[in-house]
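Text of the file final39.txt, holding compact mmCIF, C-alpha atoms and all ligand atoms:
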# COMPACT_ATOMS: atom_id res chain seq x y z
CA HIS A 1 9.67 6.36 -23.59
CA LEU A 2 10.68 3.51 -21.35
CA ARG A 3 8.39 0.53 -21.79
CA ILE A 4 7.41 -0.80 -18.40
CA GLY A 5 5.31 -3.94 -17.97
CA VAL A 6 3.27 -4.60 -14.85
CA LEU A 7 2.66 -8.26 -14.06
CA ALA A 8 -1.12 -8.21 -14.08
CA PHE A 9 -2.43 -11.41 -12.54
CA GLN A 10 -3.27 -10.17 -9.09
CA GLY A 11 -2.61 -7.32 -6.67
CA ASP A 12 -2.37 -3.57 -6.96
CA VAL A 13 -1.69 -3.46 -10.68
CA ARG A 14 -3.72 -0.33 -11.30
CA GLU A 15 -1.90 1.71 -8.66
CA HIS A 16 1.50 0.92 -10.19
CA ILE A 17 0.28 1.71 -13.70
CA GLN A 18 -0.98 5.07 -12.53
CA VAL A 19 2.32 6.06 -10.88
CA LEU A 20 4.42 4.85 -13.81
CA GLU A 21 2.27 6.70 -16.36
CA GLU A 22 2.43 9.82 -14.25
CA LEU A 23 6.21 9.56 -14.48
CA GLY A 24 6.04 9.35 -18.27
CA ALA A 25 6.60 5.66 -18.86
CA GLN A 26 4.80 3.67 -21.52
CA VAL A 27 3.03 1.08 -19.39
CA SER A 28 1.46 -2.23 -20.38
CA LYS A 29 -0.02 -5.18 -18.55
CA VAL A 30 1.93 -8.42 -18.77
CA ARG A 31 0.18 -11.81 -18.70
CA ARG A 32 1.67 -13.58 -21.72
CA PRO A 33 5.21 -14.31 -22.96
CA ASP A 34 4.89 -11.96 -25.97
CA GLU A 35 3.83 -9.14 -23.67
CA LEU A 36 6.84 -9.81 -21.48
CA ALA A 37 9.15 -9.80 -24.49
CA SER A 38 8.17 -6.29 -25.49
CA VAL A 39 9.03 -4.39 -22.31
CA ASP A 40 12.26 -2.85 -21.01
CA ALA A 41 11.44 -3.73 -17.42
CA LEU A 42 8.82 -5.37 -15.25
CA VAL A 43 7.04 -4.37 -12.05
CA ILE A 44 5.66 -7.14 -9.84
CA PRO A 45 2.99 -5.59 -7.63
CA GLY A 46 1.95 -6.24 -4.07
CA GLY A 47 -0.93 -8.58 -3.41
CA GLU A 48 -0.83 -12.16 -2.29
CA SER A 49 2.25 -14.03 -3.40
CA SER A 50 0.78 -17.54 -3.17
CA VAL A 51 -2.13 -16.57 -5.42
CA MET A 52 0.15 -14.73 -7.81
CA ASP A 53 2.40 -17.78 -7.99
CA LYS A 54 -0.56 -20.04 -8.84
CA LEU A 55 -1.71 -17.75 -11.63
CA VAL A 56 1.80 -17.31 -13.00
CA ARG A 57 2.10 -21.08 -13.35
CA LEU A 58 -1.44 -21.54 -14.64
CA PHE A 59 -0.70 -19.07 -17.44
CA GLY A 60 2.61 -20.75 -18.28
CA MET A 61 4.57 -17.70 -17.24
CA GLN A 62 6.90 -19.15 -14.62
CA GLN A 63 9.63 -20.20 -17.03
CA PRO A 64 9.42 -17.12 -19.28
CA LEU A 65 9.69 -14.90 -16.21
CA ARG A 66 12.61 -16.89 -14.81
CA ASP A 67 14.37 -16.70 -18.18
CA ALA A 68 13.81 -12.96 -18.48
CA ILE A 69 15.17 -12.36 -14.99
CA SER A 70 18.20 -14.53 -15.62
CA VAL A 71 19.16 -12.60 -18.76
CA GLY A 72 18.99 -9.30 -16.90
CA LEU A 73 15.51 -7.83 -17.27
CA PRO A 74 15.18 -5.08 -14.65
CA VAL A 75 12.46 -6.02 -12.17
CA PHE A 76 10.93 -3.98 -9.37
CA GLY A 77 8.95 -6.01 -6.84
CA THR A 78 6.90 -4.51 -4.03
CA CYS A 79 5.78 -6.61 -1.08
CA ALA A 80 4.32 -9.78 -2.66
CA GLY A 81 6.45 -8.84 -5.68
CA LEU A 82 9.57 -9.00 -3.52
CA ILE A 83 8.46 -12.43 -2.31
CA MET A 84 8.08 -13.57 -5.93
CA MET A 85 11.62 -12.40 -6.73
CA ALA A 86 13.26 -14.08 -3.75
CA ASP A 87 15.33 -17.22 -4.21
CA HIS A 88 13.85 -18.62 -1.03
CA ILE A 89 10.65 -18.09 0.98
CA VAL A 90 11.30 -19.35 4.50
CA ASP A 91 7.60 -19.80 5.30
CA ALA A 92 6.08 -20.56 1.91
CA ILE A 93 2.64 -22.12 2.10
CA ALA A 94 2.21 -25.61 0.65
CA GLU A 95 3.43 -25.83 -2.93
CA GLN A 96 4.12 -22.12 -3.14
CA GLU A 97 7.05 -21.33 -5.42
CA SER A 98 8.82 -18.11 -6.14
CA LEU A 99 10.42 -17.06 -9.40
CA GLY A 100 13.77 -16.45 -7.76
CA GLY A 101 16.75 -14.58 -9.16
CA LEU A 102 17.12 -12.20 -6.24
CA HIS A 103 19.52 -13.89 -3.84
CA VAL A 104 17.66 -13.40 -0.60
CA ASP A 105 15.55 -15.32 1.90
CA VAL A 106 12.27 -13.62 2.74
CA ARG A 107 9.73 -14.20 5.47
CA ARG A 108 6.11 -13.46 4.64
CA ASN A 109 3.77 -11.59 6.98
CA ALA A 110 6.79 -10.88 9.14
CA PHE A 111 5.14 -8.33 11.40
CA GLY A 112 2.42 -10.58 12.80
CA THR A 113 -1.28 -9.81 12.92
CA GLN A 114 -1.13 -7.15 15.67
CA ILE A 115 0.62 -4.59 13.49
CA ASP A 116 -0.07 -6.03 10.08
CA SER A 117 -0.28 -2.54 8.65
CA PHE A 118 1.77 0.55 9.51
CA GLU A 119 3.55 3.53 8.05
CA VAL A 120 7.03 4.84 8.84
CA ASP A 121 9.43 7.38 7.40
CA LEU A 122 12.17 5.28 5.94
CA GLU A 123 15.73 6.31 5.21
CA MET A 124 16.75 5.18 1.73
CA PRO A 125 20.27 6.49 1.20
CA GLY A 126 21.33 5.99 -2.38
CA VAL A 127 17.74 6.26 -3.56
CA THR A 128 16.78 9.63 -2.17
CA ALA A 129 18.16 12.10 0.37
CA GLU A 130 14.98 12.70 2.35
CA PRO A 131 13.13 9.85 4.12
CA VAL A 132 10.33 8.14 2.22
CA PRO A 133 6.91 7.58 3.78
CA ALA A 134 6.58 3.80 3.58
CA THR A 135 3.33 1.88 3.90
CA PHE A 136 3.70 -1.70 5.10
CA ILE A 137 0.76 -4.08 4.60
CA ARG A 138 1.26 -7.66 5.86
CA ALA A 139 4.79 -7.09 4.70
CA PRO A 140 7.68 -9.48 4.27
CA ILE A 141 11.19 -8.87 5.55
CA VAL A 142 14.48 -9.98 4.09
CA GLU A 143 16.16 -12.40 6.49
CA ARG A 144 19.30 -13.21 4.54
CA VAL A 145 21.10 -11.46 1.73
CA GLY A 146 23.33 -13.45 -0.58
CA GLU A 147 26.11 -12.52 -2.90
CA GLY A 148 25.76 -9.36 -4.92
CA VAL A 149 22.82 -8.07 -2.91
CA ARG A 150 23.00 -4.55 -1.53
CA VAL A 151 20.81 -3.52 1.39
CA ILE A 152 19.11 -0.24 0.54
CA SER A 153 16.97 0.27 3.59
CA GLN A 154 16.44 -1.05 7.10
CA LEU A 155 13.93 -0.29 9.80
CA ALA A 156 15.24 1.32 13.00
CA ASP A 157 15.57 -2.16 14.53
CA GLY A 158 17.75 -3.33 11.67
CA ARG A 159 15.25 -5.42 9.77
CA ILE A 160 15.91 -5.27 6.05
CA VAL A 161 13.08 -3.90 3.92
CA ALA A 162 14.73 -2.92 0.63
CA VAL A 163 17.43 -4.59 -1.43
CA GLU A 164 19.03 -4.29 -4.83
CA GLN A 165 20.98 -6.77 -6.90
CA GLY A 166 22.05 -5.45 -10.26
CA TYR A 167 18.84 -4.34 -11.94
CA LEU A 168 16.62 -6.18 -9.48
CA LEU A 169 14.96 -4.00 -6.86
CA GLY A 170 12.85 -5.51 -4.11
CA ILE A 171 11.10 -3.64 -1.33
CA SER A 172 8.76 -4.73 1.48
CA PHE A 173 6.41 -1.77 1.33
CA HIS A 174 3.97 -0.09 -1.07
CA PRO A 175 5.22 3.14 -2.64
CA GLU A 176 2.35 3.00 -5.12
CA VAL A 177 -0.32 3.71 -2.52
CA ASN A 178 0.67 7.00 -0.91
CA GLY A 179 1.52 9.37 -3.72
CA ASP A 180 5.28 9.44 -3.12
CA THR A 181 6.86 8.52 -6.43
CA ARG A 182 10.57 8.62 -5.57
CA VAL A 183 11.18 4.88 -5.47
CA HIS A 184 9.48 4.45 -8.84
CA GLU A 185 11.58 7.33 -10.19
CA TYR A 186 14.70 5.64 -8.92
CA PHE A 187 13.71 2.40 -10.66
CA LEU A 188 12.99 4.19 -13.94
CA GLY A 189 16.47 5.71 -13.70
CA ARG A 190 17.92 2.23 -13.36
CA VAL A 191 15.86 1.01 -16.32
CA ALA A 192 17.13 3.89 -18.45
CA GLN A 193 20.67 2.90 -17.53
CA SER A 194 20.03 -0.73 -18.48
CA VAL A 195 18.61 0.30 -21.85
CA VAL A 196 21.74 2.33 -22.58
CA GLU A 197 23.94 -0.57 -21.48
CA LYS A 198 22.03 -3.00 -23.68
CA LYS A 199 22.37 -0.77 -26.74
CA ALA A 200 26.09 -0.41 -26.10
CA SER A 201 26.53 -4.17 -26.01
CA ILE A 202 24.79 -4.84 -29.34
N1 LIG B 301 1.43 -11.10 2.77
C1 LIG B 301 1.37 -11.04 1.35
C2 LIG B 301 2.03 -12.25 0.70
O1 LIG B 301 2.50 -13.11 1.36
C3 LIG B 301 2.03 -9.80 0.83
C4 LIG B 301 1.23 -8.60 1.23
C5 LIG B 301 1.30 -7.47 0.28
O2 LIG B 301 1.75 -7.59 -0.86
N2 LIG B 301 0.79 -6.36 0.73
O3 LIG B 301 2.10 -12.31 -0.48
Spell out the structure here as structure tokens.
Amino acid sequence: HLRIGVLAFQGDVREHIQVLEELGAQVSKVRRPDELASVDALVIPGGESSVMDKLVRLFGMQQPLRDAISVGLPVFGTCAGLIMMADHIVDAIAEQESLGGLHVDVRRNAFGTQIDSFEVDLEMPGVTAEPVPATFIRAPIVERVGEGVRVISQLADGRIVAVEQGYLLGISFHPEVNGDTRVHEYFLGRVAQSVVEKKASI
């Protein structure tokens, strides 16, 4: 079994756990360094990134998370999770920090208040052949991609909503809320690959 941790300070932790368990992963909540050390990969859920950031620092997890990301832990961030992974938040609220590691700039709440929630069928070539129903909730967009970052999906107007950099996967929407498990399956495939790679390098 792949051991997947879900960062469990805030947000839709339960929904991710449910999807990952359904897909056969061994899932645990991560709030402490020792819990982080015992997983093959981490999911950072959607929620509110500024609150998540505060709790991460309060629990002394900022540095352990940054270290884990920098040595190649696969991480899948959805919505607020993507914001946490971004090197730069263009409209961070006062004192808000991200973990960084994913070389992108993100803008929070990028769709304004009028359409703060919507669903579209999203093309995700490379992840799955058929479009994925994607639920956006006060979602961020990726405004700049840096070196080594591959764009996985864009809205019809070109705005970037999914990116990948090595074993880091960041998406603007919430695949854990609508029963479509393909993006999680894709991530678990990546995690399996990273585990094989790690064993080969020992
Ligand atoms: N707007 C939230 C933030 O800035 C993200 C919303 C979400 O995760 N659904 O963190």
Which is closer to ligand LIG 301 (chain B) than all the others in A:Leu102, A:Leu168, A:Cys79, A:Val151, using all atoms listed in the file? A:Cys79
Within 9 Å of ligand LIG 301 (chain B) (counting all atoms listed in the file), which residues show up? I'd like them as a CSV table (one decimal) with C-alpha atoms, in the frame of the given file.
chain,number,residue,atom,x,y,z
A,11,GLY,CA,-2.6,-7.3,-6.7
A,12,ASP,CA,-2.4,-3.6,-7.0
A,45,PRO,CA,3.0,-5.6,-7.6
A,46,GLY,CA,2.0,-6.2,-4.1
A,47,GLY,CA,-0.9,-8.6,-3.4
A,48,GLU,CA,-0.8,-12.2,-2.3
A,49,SER,CA,2.2,-14.0,-3.4
A,50,SER,CA,0.8,-17.5,-3.2
A,51,VAL,CA,-2.1,-16.6,-5.4
A,52,MET,CA,0.2,-14.7,-7.8
A,78,THR,CA,6.9,-4.5,-4.0
A,79,CYS,CA,5.8,-6.6,-1.1
A,80,ALA,CA,4.3,-9.8,-2.7
A,81,GLY,CA,6.4,-8.8,-5.7
A,82,LEU,CA,9.6,-9.0,-3.5
A,83,ILE,CA,8.5,-12.4,-2.3
A,84,MET,CA,8.1,-13.6,-5.9
A,92,ALA,CA,6.1,-20.6,1.9
A,107,ARG,CA,9.7,-14.2,5.5
A,108,ARG,CA,6.1,-13.5,4.6
A,109,ASN,CA,3.8,-11.6,7.0
A,110,ALA,CA,6.8,-10.9,9.1
A,117,SER,CA,-0.3,-2.5,8.6
A,136,PHE,CA,3.7,-1.7,5.1
A,137,ILE,CA,0.8,-4.1,4.6
A,138,ARG,CA,1.3,-7.7,5.9
A,139,ALA,CA,4.8,-7.1,4.7
A,140,PRO,CA,7.7,-9.5,4.3
A,172,SER,CA,8.8,-4.7,1.5
A,173,PHE,CA,6.4,-1.8,1.3
A,174,HIS,CA,4.0,-0.1,-1.1
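Near Arg32 (chain A), within 10 Å and counting all atoms listed in the file, sit Leu7, Ala8, Leu36, Ala37, Val56, Phe59, Gly60, Met61, Pro64 and Leu65 of chain A; same-chain residues fewer than 4 positions away were not included.
With all atoms listed in the file as the basis for measurement, A:Asp91 is the residue among A:Glu22, A:Glu15, A:Glu197, A:Asp91 that approaches Ile141 (chain A) most closely.
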As an exercise, work out the distance from CA of Val71 (chain A) to CA of Gln96 (chain A) in Å and give it to one decimal place. 23.7 Å
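CA of Ser98 (chain A) is found 6.4 Å from CA of Met85 (chain A).
Proximity to Lys198 (chain A) at 10 Å, evaluated using only C-alpha atoms and with sequence-adjacent residues fewer than 5 positions away removed, yields A:Gly72, A:Ala192, A:Gln193.
Put simply, CA of Gly146 (chain A) is 15.9 Å away from CA of Ser70 (chain A).
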Contact residues around region 159-162 of chain A with all atoms listed in the file at 7 Å, ignoring same-chain residues under 4 positions, as a list of chain:residue names: A:Ile141, A:Val142, A:Val151, A:Ile152, A:Ser153, A:Gln154, A:Leu155, A:Gly170, A:Ile171, A:Ser172
Polymer residues at most 6 Å from Glu164 (chain A), all atoms listed in the file, same-chain spacing of 5 or more positions, as a PDB file with C-alpha atoms, in the coordinates of the input:
ATOM      1  CA  VAL A 149      22.820  -8.070  -2.910  1.00  0.00           C
ATOM      2  CA  ARG A 150      23.000  -4.550  -1.530  1.00  0.00           C
ATOM      3  CA  LEU A 169      14.960  -4.000  -6.860  1.00  0.00           C
TER       4      LEU A 169
END
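Protein and nucleic acid residues near (2.6, -2.0, -18.7) are Arg3, Ile4, Gly5, Val6, Leu7, Ala8, Val13, Arg14, His16, Ile17, Leu20, Glu21, Ala25, Gln26, Val27, Ser28, Lys29, Val30, Glu35, Leu36, Ser38, Val39, Asp40, Ala41, Leu42 and Val43 of chain A, the criterion being any atom at most 10 Å away using only C-alpha atoms.
Shortest atom-to-atom contact with Glu119 (chain A) among A:Gly24, A:Pro74, A:Pro33, A:Pro175: A:Pro175, counting only C-alpha atoms.
Shortest atom-to-atom contact with Tyr167 (chain A) among A:Ala94, A:Leu58, A:Ala134, A:Ile69: A:Ile69, counting all atoms listed in the file.
Checking A:Thr128, A:Gln63, A:Gln10, A:Ser194 one by one against Thr181 (chain A), counting only C-alpha atoms, you find the shortest gap at A:Thr128.
Nearest to Ala86 (chain A) of all the residues A:Leu55, A:Val163, A:Val183, A:Ala129 is A:Val163, counting all atoms listed in the file.
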